[in-house]
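Asker: The file below is model.cif, mmCIF, C-alpha atoms and all ligand atoms:
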data_structure
#
loop_
_atom_site.label_atom_id
_atom_site.label_comp_id
_atom_site.auth_asym_id
_atom_site.auth_seq_id
_atom_site.Cartn_x
_atom_site.Cartn_y
_atom_site.Cartn_z
CA MET K 1 -103.28 54.76 1.28
CA TRP K 2 -102.32 52.14 -1.31
CA LEU K 3 -99.39 49.83 -0.84
CA SER K 4 -97.38 50.02 -4.05
CA ARG K 5 -94.78 47.46 -5.07
CA ALA K 6 -92.11 49.89 -3.91
CA ASP K 7 -93.79 50.22 -0.50
CA GLN K 8 -94.09 46.46 -0.27
CA ALA K 9 -90.38 46.16 -0.91
CA LYS K 10 -89.81 48.54 1.99
CA THR K 11 -91.75 46.38 4.45
CA THR K 12 -88.77 44.16 4.98
CA PHE K 13 -88.56 44.58 8.72
CA TRP K 14 -88.91 40.83 9.21
CA ILE K 15 -85.39 40.45 7.84
CA CYS K 16 -82.95 40.50 10.72
CA GLY K 17 -79.24 40.08 10.15
CA GLY K 18 -79.88 38.34 6.84
CA SER K 19 -82.04 35.61 8.34
CA TRP K 20 -85.84 35.34 8.46
CA ARG K 21 -87.44 35.83 11.79
CA GLN K 22 -90.94 35.33 13.15
CA PRO K 23 -92.75 38.67 13.50
CA THR K 24 -94.20 39.74 16.82
CA PHE K 25 -97.90 40.49 16.47
CA ALA K 26 -100.19 43.05 18.02
CA ASP K 27 -103.60 41.45 18.44
CA VAL K 28 -106.26 44.16 18.19
CA HIS K 29 -109.35 42.12 19.05
CA CYS K 30 -109.22 39.85 22.09
CA HIS K 31 -111.53 39.11 25.03
CA CYS K 32 -108.78 38.66 27.61
CA LEU K 33 -110.03 40.55 30.69
CA PRO K 34 -111.07 38.31 33.61
CA ARG K 35 -114.69 38.40 34.80
CA PHE K 36 -115.92 40.78 32.13
CA ASP K 37 -117.83 39.23 29.27
CA ASP K 38 -117.78 35.81 27.63
CA GLY K 39 -113.99 35.67 27.92
CA PRO K 40 -111.97 34.35 30.91
CA ALA K 41 -114.01 33.66 34.06
CA ASP K 42 -111.12 34.37 36.46
CA ASN K 43 -107.49 35.48 36.73
CA ALA K 44 -106.14 31.99 36.07
CA GLN K 45 -108.09 31.67 32.81
CA ALA K 46 -107.03 35.17 31.76
CA LEU K 47 -103.37 34.31 32.38
CA ALA K 48 -103.76 31.05 30.45
CA LEU K 49 -105.17 33.02 27.48
CA CYS K 50 -102.30 35.53 27.76
CA GLN K 51 -99.83 32.64 27.84
CA ALA K 52 -101.42 31.32 24.63
CA LEU K 53 -101.07 34.78 23.05
CA VAL K 54 -97.37 34.88 23.94
CA ALA K 55 -96.92 31.36 22.54
CA ASP K 56 -98.64 32.64 19.37
CA HIS K 57 -95.91 35.35 19.11
CA THR K 58 -98.08 38.24 20.28
CA GLY K 59 -96.37 41.03 22.21
CA THR K 60 -99.25 43.48 22.55
CA VAL K 61 -102.94 42.77 22.92
CA LEU K 62 -105.88 45.15 22.79
CA ALA K 63 -108.41 44.08 25.43
CA THR K 64 -111.77 44.39 23.70
CA PRO K 65 -114.59 43.35 26.08
CA HIS K 66 -118.06 43.53 24.56
CA GLN K 67 -119.80 46.83 25.18
CA LEU K 68 -123.50 47.57 24.55
CA GLY K 69 -125.80 44.90 23.12
CA ARG K 70 -126.34 42.22 25.77
CA PHE K 71 -123.58 43.76 27.90
CA ASP K 72 -125.18 47.21 27.88
CA GLY K 73 -124.43 49.15 31.11
CA ARG K 74 -122.24 46.41 32.67
CA TYR K 75 -118.97 48.37 32.68
CA ASP K 76 -117.83 51.81 31.54
CA GLY K 77 -114.50 53.07 30.22
CA ARG K 78 -113.07 53.56 33.70
CA ARG K 79 -113.72 49.95 34.71
CA VAL K 80 -112.11 48.62 31.55
CA ARG K 81 -108.99 50.75 32.16
CA LEU K 82 -108.75 49.49 35.77
CA ALA K 83 -109.10 45.88 34.61
CA VAL K 84 -106.36 46.41 32.02
CA GLU K 85 -104.08 47.80 34.73
CA HIS K 86 -104.92 44.79 36.92
CA LEU K 87 -104.13 42.31 34.12
CA ASN K 88 -100.85 44.07 33.29
CA GLY K 89 -99.94 43.68 36.97
CA LEU K 90 -100.71 39.96 36.88
CA LEU K 91 -98.62 39.58 33.73
CA ALA K 92 -95.66 41.37 35.32
CA GLU K 93 -95.91 39.10 38.39
CA ALA K 94 -96.04 36.03 36.17
CA GLY K 95 -93.15 37.26 34.01
CA LEU K 96 -95.18 37.04 30.80
CA PRO K 97 -93.89 39.41 28.07
CA LEU K 98 -97.26 40.81 26.98
CA THR K 99 -98.64 44.35 27.16
CA VAL K 100 -102.39 44.87 27.41
CA LEU K 101 -104.07 48.03 26.11
CA ALA K 102 -107.62 49.23 26.71
CA GLY K 103 -110.31 48.98 24.06
CA ALA K 104 -113.76 47.52 23.45
CA ASP K 105 -115.78 45.51 20.97
CA VAL K 106 -118.72 47.92 20.67
CA ARG K 107 -122.09 46.66 19.45
CA LEU K 108 -123.82 48.87 16.87
CA ASP K 109 -126.05 51.33 18.71
CA GLU K 110 -127.51 54.71 17.82
CA ARG K 111 -126.21 56.13 21.15
CA ILE K 112 -122.54 55.49 20.38
CA GLY K 113 -121.62 59.17 19.79
CA GLU K 114 -123.25 60.26 23.04
CA LEU K 115 -121.78 57.34 25.03
CA LEU K 116 -118.28 58.15 23.80
CA TYR K 117 -118.60 61.66 25.21
CA MET K 118 -119.81 60.17 28.52
CA ASP K 119 -116.80 57.78 28.64
CA GLU K 120 -119.17 54.82 28.74
CA ILE K 121 -117.51 53.16 25.76
CA LEU K 122 -113.90 53.02 24.57
CA THR K 123 -112.08 53.69 21.34
CA VAL K 124 -109.10 51.58 20.22
CA ALA K 125 -106.24 51.95 22.74
CA ASP K 126 -108.18 54.89 24.19
CA GLY K 127 -106.78 56.92 21.30
CA GLY K 128 -110.00 58.52 20.02
CA ARG K 129 -109.15 57.73 16.39
CA TYR K 130 -110.66 54.26 15.77
CA LEU K 131 -113.65 52.35 17.15
CA LEU K 132 -114.05 48.56 16.90
CA LEU K 133 -117.65 48.15 15.79
CA GLU K 134 -119.58 44.88 15.97
CA LEU K 135 -122.73 44.49 13.86
CA PRO K 136 -125.72 42.57 15.31
CA ASP K 137 -125.64 38.84 14.45
CA GLU K 138 -129.37 38.31 14.30
CA VAL K 139 -130.24 40.76 11.55
CA PHE K 140 -128.28 42.99 9.22
CA VAL K 141 -128.40 46.69 10.13
CA ASP K 142 -126.56 49.01 7.73
CA PRO K 143 -124.08 51.06 9.82
CA GLY K 144 -123.76 53.79 7.14
CA ILE K 145 -125.39 56.56 9.22
CA LEU K 146 -123.23 55.72 12.25
CA LEU K 147 -120.08 55.61 10.10
CA SER K 148 -120.94 59.09 8.90
CA GLN K 149 -121.57 60.36 12.46
CA LEU K 150 -118.30 58.87 13.66
CA GLY K 151 -116.54 60.48 10.70
CA GLU K 152 -117.82 63.88 11.84
CA MET K 153 -116.23 63.13 15.25
CA GLY K 154 -112.92 62.28 13.58
CA ILE K 155 -113.35 58.57 14.33
CA ARG K 156 -113.10 55.71 11.85
CA ALA K 157 -114.74 52.35 12.42
CA ILE K 158 -113.11 48.96 12.33
CA ILE K 159 -115.89 46.54 11.35
CA SER K 160 -115.46 43.38 13.48
CA HIS K 161 -115.36 40.11 11.52
CA PRO K 162 -117.69 40.97 8.58
CA GLU K 163 -116.96 37.48 7.19
CA ARG K 164 -118.88 35.94 10.11
CA HIS K 165 -121.97 38.01 9.42
CA VAL K 166 -124.21 35.93 7.16
CA PHE K 167 -125.59 38.84 5.10
CA LEU K 168 -122.16 40.38 4.47
CA ALA K 169 -120.55 36.98 3.85
CA GLN K 170 -123.19 36.34 1.18
CA ASN K 171 -122.93 39.91 -0.18
CA PRO K 172 -119.30 40.93 0.35
CA GLY K 173 -119.50 43.70 -2.25
CA TYR K 174 -121.99 45.51 0.02
CA VAL K 175 -119.08 47.04 1.98
CA ARG K 176 -118.28 49.25 -1.04
CA ARG K 177 -121.31 51.36 -0.08
CA TRP K 178 -119.26 52.58 2.90
CA LEU K 179 -116.22 53.53 0.82
CA GLU K 180 -116.49 57.27 1.53
CA TYR K 181 -116.21 56.60 5.30
CA GLN K 182 -113.17 54.31 4.83
CA PRO K 183 -113.95 51.79 7.56
CA CYS K 184 -111.38 49.06 8.09
CA LEU K 185 -112.44 45.41 7.87
CA GLN K 186 -111.17 43.21 10.71
CA ILE K 187 -110.93 39.63 9.52
CA THR K 188 -110.68 36.88 12.16
CA ALA K 189 -107.52 34.79 11.98
CA GLY K 190 -109.53 31.59 12.50
CA SER K 191 -111.90 32.46 9.64
CA LEU K 192 -109.02 32.35 7.15
CA LEU K 193 -108.30 28.83 8.40
CA GLY K 194 -111.90 27.56 8.25
CA ASP K 195 -112.64 27.64 12.01
CA PHE K 196 -116.00 29.36 11.44
CA GLY K 197 -117.19 27.29 8.49
CA VAL K 198 -116.97 27.42 4.72
CA LEU K 199 -119.07 30.56 4.17
CA ALA K 200 -116.98 32.63 6.61
CA GLN K 201 -113.74 31.23 5.23
CA ARG K 202 -114.65 32.01 1.62
CA ALA K 203 -115.84 35.51 2.57
CA ALA K 204 -112.69 36.20 4.63
CA TRP K 205 -110.52 35.70 1.56
CA VAL K 206 -112.91 37.68 -0.67
CA PHE K 207 -112.84 40.67 1.72
CA LEU K 208 -109.07 40.86 1.30
CA LYS K 209 -109.60 42.15 -2.24
CA GLU K 210 -112.16 44.82 -1.37
CA CYS K 211 -110.82 48.34 -1.74
CA LEU K 212 -110.85 49.06 1.99
CA PRO K 213 -108.11 48.67 4.59
CA VAL K 214 -108.09 45.20 6.12
CA LEU K 215 -106.34 43.74 9.15
CA VAL K 216 -106.33 40.38 10.91
CA ALA K 217 -107.01 39.82 14.64
CA THR K 218 -107.83 36.75 16.72
CA ASP K 219 -111.08 37.62 18.55
CA ALA K 220 -109.79 35.01 21.00
CA HIS K 221 -111.89 34.21 24.08
CA ASP K 222 -110.13 31.22 25.62
CA THR K 223 -107.47 28.55 25.12
CA GLY K 224 -109.87 26.04 23.57
CA ARG K 225 -112.18 26.49 20.63
CA ARG K 226 -111.58 30.27 20.52
CA ALA K 227 -107.83 30.27 21.06
CA PRO K 228 -105.53 32.80 19.32
CA ARG K 229 -104.32 31.58 15.90
CA MET K 230 -102.42 34.51 14.46
CA THR K 231 -99.29 32.59 13.51
CA ALA K 232 -101.27 29.96 11.60
CA ALA K 233 -103.26 32.65 9.75
CA TYR K 234 -100.09 34.62 8.98
CA THR K 235 -98.47 31.50 7.58
CA ARG K 236 -101.52 30.74 5.41
CA LEU K 237 -101.60 34.35 4.14
CA MET K 238 -97.90 34.15 3.31
CA GLN K 239 -98.47 30.98 1.32
CA HIS K 240 -101.32 32.53 -0.68
CA LEU K 241 -100.43 36.21 -0.95
CA GLY K 242 -96.74 36.41 -0.19
CA ARG K 243 -94.94 37.75 2.84
CA PRO K 244 -95.31 41.52 2.18
CA MET K 245 -99.11 41.35 2.04
CA ALA K 246 -99.32 38.96 5.01
CA ASP K 247 -97.20 41.43 6.89
CA VAL K 248 -99.47 44.39 6.11
CA LEU K 249 -102.52 42.42 7.31
CA CYS K 250 -101.07 40.89 10.46
CA VAL K 251 -98.26 43.20 11.56
CA GLU K 252 -98.24 46.63 9.96
CA ASN K 253 -101.95 47.56 10.01
CA PRO K 254 -102.50 46.36 13.60
CA ARG K 255 -99.43 48.38 14.64
CA ARG K 256 -100.71 51.46 12.81
CA LEU K 257 -104.17 51.04 14.34
CA LEU K 258 -102.80 51.06 17.89
CA ALA K 259 -100.65 54.09 17.09
CA GLY K 260 -103.65 55.94 15.61
CA ASP K 261 -101.93 56.15 12.21
CA ASP K 262 -103.47 55.76 8.74
CA LEU K 263 -103.88 52.16 7.62
CA LEU K 264 -102.54 50.63 4.43
CA THR K 265 -104.81 49.26 1.72
CA LEU K 266 -103.43 46.33 -0.23
CA ASP K 267 -102.89 46.71 -3.94
CA GLU K 268 -106.28 45.54 -5.23
CA ASN K 269 -105.07 44.01 -8.47
CA MET K 270 -102.32 42.02 -6.83
CA VAL K 271 -104.66 40.60 -4.18
CA ARG K 272 -107.31 39.76 -6.77
CA LYS K 273 -104.73 37.92 -8.85
CA GLU K 274 -103.50 35.91 -5.88
CA VAL K 275 -106.93 35.19 -4.32
CA ASN K 276 -108.33 34.04 -7.68
CA ARG K 277 -105.42 31.72 -8.35
FE FE V 301 -115.20 40.05 19.77
#
Written as structure tokens, how would this file's structure read?
Answerer:
Amino acid sequence: MWLSRADQAKTTFWICGGSWRQPTFADVHCHCLPRFDDGPADNAQALALCQALVADHTGTVLATPHQLGRFDGRYDGRRVRLAVEHLNGLLAEAGLPLTVLAGADVRLDERIGELLYMDEILTVADGGRYLLLELPDEVFVDPGILLSQLGEMGIRAIISHPERHVFLAQNPGYVRRWLEYQPCLQITAGSLLGDFGVLAQRAAWVFLKECLPVLVATDAHDTGRRAPRMTAAYTRLMQHLGRPMADVLCVENPRRLLAGDDLLTLDENMVRKEVNR
């Protein structure tokens, strides 16, 4: 679905009573569950990360612990759901206005279809419509066959941080090979700001003009080097692309993803014009 100028004009929900207001974000990639992966080591660290999310104007967070890869077999869908319930309880006790939903950051694996049926791995918000898919760091493996298999199951992939994958960052046009499967590209907020180096930063901005849906998420792990930076990324996107496009990337597409709705694709020509400026 393309976002026309008319549609962009309609995305004026940030206007409230004639004055501008800060949007509330839904962060759809965050390692916030305590004692799961390389995120918080205990409840206190998890609450500190959640506090940082709230301070970053996030109202909903998708808990996406790593599944498969080096975390293969550590925890299934049921354990993730229980941990999400536990964290929501801690948040209620602490009075923090944040809602946690269940998801996973799933490493590319040929068993994904089978493991979904066995409830070993989770789709986004347990909705069965989208799967957050992480490609191996060490070597590039084309996910085309898996994207096709997922498509047959009615599931679309969200490719985690392609800008931080060296091969894709050096060959951003490669993602056009997957056009028929319409995966979404999840760009990391920190990448747009240069937190992951020049190559990732350059690629992050280039991916915005690919003809695929794109959204921004934090991939936060802690309150230090991997802290959530959605507001800073949103502000930078507003400065470069304007508020309507920043809003699609940081507010509207994450919201649609969690609801299981179709995602918006930015108007290619407008993004190209702005990114090349
Ligand atoms: Fe992640």
Asker: Just checking: using all atoms listed in the file, which residue out of K:Leu135, K:Val198, K:Ala92, K:Val80 ends up closest to ligand FE 301 (chain V)?
Answerer: K:Leu135
Asker: Once you count all atoms listed in the file, which residues end up no further than 12 Å from (-111.0, 34.8, 31.2) in the file's frame, shown as a CSV table (one decimal) with C-alpha atoms, in the coordinates of the input?
Answerer:
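Listed below is the output, selection12.csv:
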chain,number,residue,atom,x,y,z
K,30,CYS,CA,-109.2,39.8,22.1
K,31,HIS,CA,-111.5,39.1,25.0
K,32,CYS,CA,-108.8,38.7,27.6
K,33,LEU,CA,-110.0,40.6,30.7
K,34,PRO,CA,-111.1,38.3,33.6
K,35,ARG,CA,-114.7,38.4,34.8
K,36,PHE,CA,-115.9,40.8,32.1
K,37,ASP,CA,-117.8,39.2,29.3
K,38,ASP,CA,-117.8,35.8,27.6
K,39,GLY,CA,-114.0,35.7,27.9
K,40,PRO,CA,-112.0,34.4,30.9
K,41,ALA,CA,-114.0,33.7,34.1
K,42,ASP,CA,-111.1,34.4,36.5
K,43,ASN,CA,-107.5,35.5,36.7
K,44,ALA,CA,-106.1,32.0,36.1
K,45,GLN,CA,-108.1,31.7,32.8
K,46,ALA,CA,-107.0,35.2,31.8
K,47,LEU,CA,-103.4,34.3,32.4
K,48,ALA,CA,-103.8,31.0,30.4
K,49,LEU,CA,-105.2,33.0,27.5
K,50,CYS,CA,-102.3,35.5,27.8
K,51,GLN,CA,-99.8,32.6,27.8
K,63,ALA,CA,-108.4,44.1,25.4
K,65,PRO,CA,-114.6,43.4,26.1
K,83,ALA,CA,-109.1,45.9,34.6
K,87,LEU,CA,-104.1,42.3,34.1
K,220,ALA,CA,-109.8,35.0,21.0
K,221,HIS,CA,-111.9,34.2,24.1
K,222,ASP,CA,-110.1,31.2,25.6
K,223,THR,CA,-107.5,28.6,25.1
K,224,GLY,CA,-109.9,26.0,23.6
K,226,ARG,CA,-111.6,30.3,20.5
K,227,ALA,CA,-107.8,30.3,21.1
Asker: Would you list the contacts of range 67-71 of chain K as a VMD selection string, taking every protein, DNA or RNA residue within 7 Å and counting all atoms listed in the file, but skipping same-chain residues closer than 2 positions in sequence?
Answerer: chain K and resid 65 73 to 74 104 to 107 121
Asker: As an NGL selection string, please: the residues near Gly194 in chain K (cut-off 12 Å, all atoms listed in the file, same-chain neighbours under 2 positions excluded).
Answerer: :K and (163-164 or 188-192 or 196-205 or 229 or 232-233 or 236)
Asker: Record the distance separating CA of Leu150 in chain K and CA of Leu108 in chain K, expressed in Å with one decimal.
Answerer: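 Answer for the CA of Leu150 in chain K to CA of Leu108 in chain K separation: 11.9 Å.
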Asker: Would you compute the distance between CA of Leu132 in chain K and CA of Gly242 in chain K? Give it in Å to one decimal.
Answerer: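 Going from CA of Leu132 in chain K over to CA of Gly242 in chain K covers 27.2 Å.
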Asker: Could you check the closest approach to ligand FE 301 (chain V) for each of K:Arg21, K:His66, K:Arg111, K:His86 and tell me which residue wins, using only C-alpha atoms and all ligand atoms?
Answerer: K:His66
Asker: Between K:Ile112, K:Ala52, K:Val28, K:Ile145, which is the closest to ligand FE 301 (chain V) once you count all atoms listed in the file?
Answerer: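 Among K:Ile112, K:Ala52, K:Val28, K:Ile145, it is K:Val28 that comes nearest to ligand FE 301 (chain V).
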Asker: For ligand FE 301 (chain V), which residue among K:Gln239, K:Gln182, K:Ser160, K:Thr60 is the nearest when counting all atoms listed in the file?
Answerer: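 Of all the options, K:Ser160 lies closest to ligand FE 301 (chain V).
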Asker: Separation of CA of Trp178 in chain K and CA of Leu266 in chain K, in Å?
Answerer: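 Computing the Euclidean distance for CA of Trp178 in chain K and CA of Leu266 in chain K yields 17.3 Å.
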Asker: In terms of the shortest atom-to-atom distance over only C-alpha atoms, which of K:Leu122, K:Leu115, K:Leu90, K:Leu147 is closest to Arg78 in chain K?
Answerer: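 Among the listed residues, the smallest separation from Arg78 in chain K belongs to K:Leu122.
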Asker: Counting only C-alpha atoms, which residue out of K:Tyr234, K:Tyr75, K:Tyr130, K:Phe167 sits closest to Leu258 in chain K?
Answerer: K:Tyr130
Asker: Quick one: everything within 10 Å of range 154-156 of chain K, counting only C-alpha atoms, minus sequence neighbours fewer than 3 positions away in the same chain. Send it as a ChimeraX atom specification.
Answerer: /K:113,123,127-133,147-151,159,181-184
Asker: Please put the answer as JSON: centre and edge lengths, in Å with one decimal, of a box along x, y and z that encloses all listed atoms of range 223-232 of chain K plus 6 Å on each side.
Answerer:
{"center_x": -105.7, "center_y": 30.3, "center_z": 18.4, "size_x": 24.9, "size_y": 20.5, "size_z": 25.5}
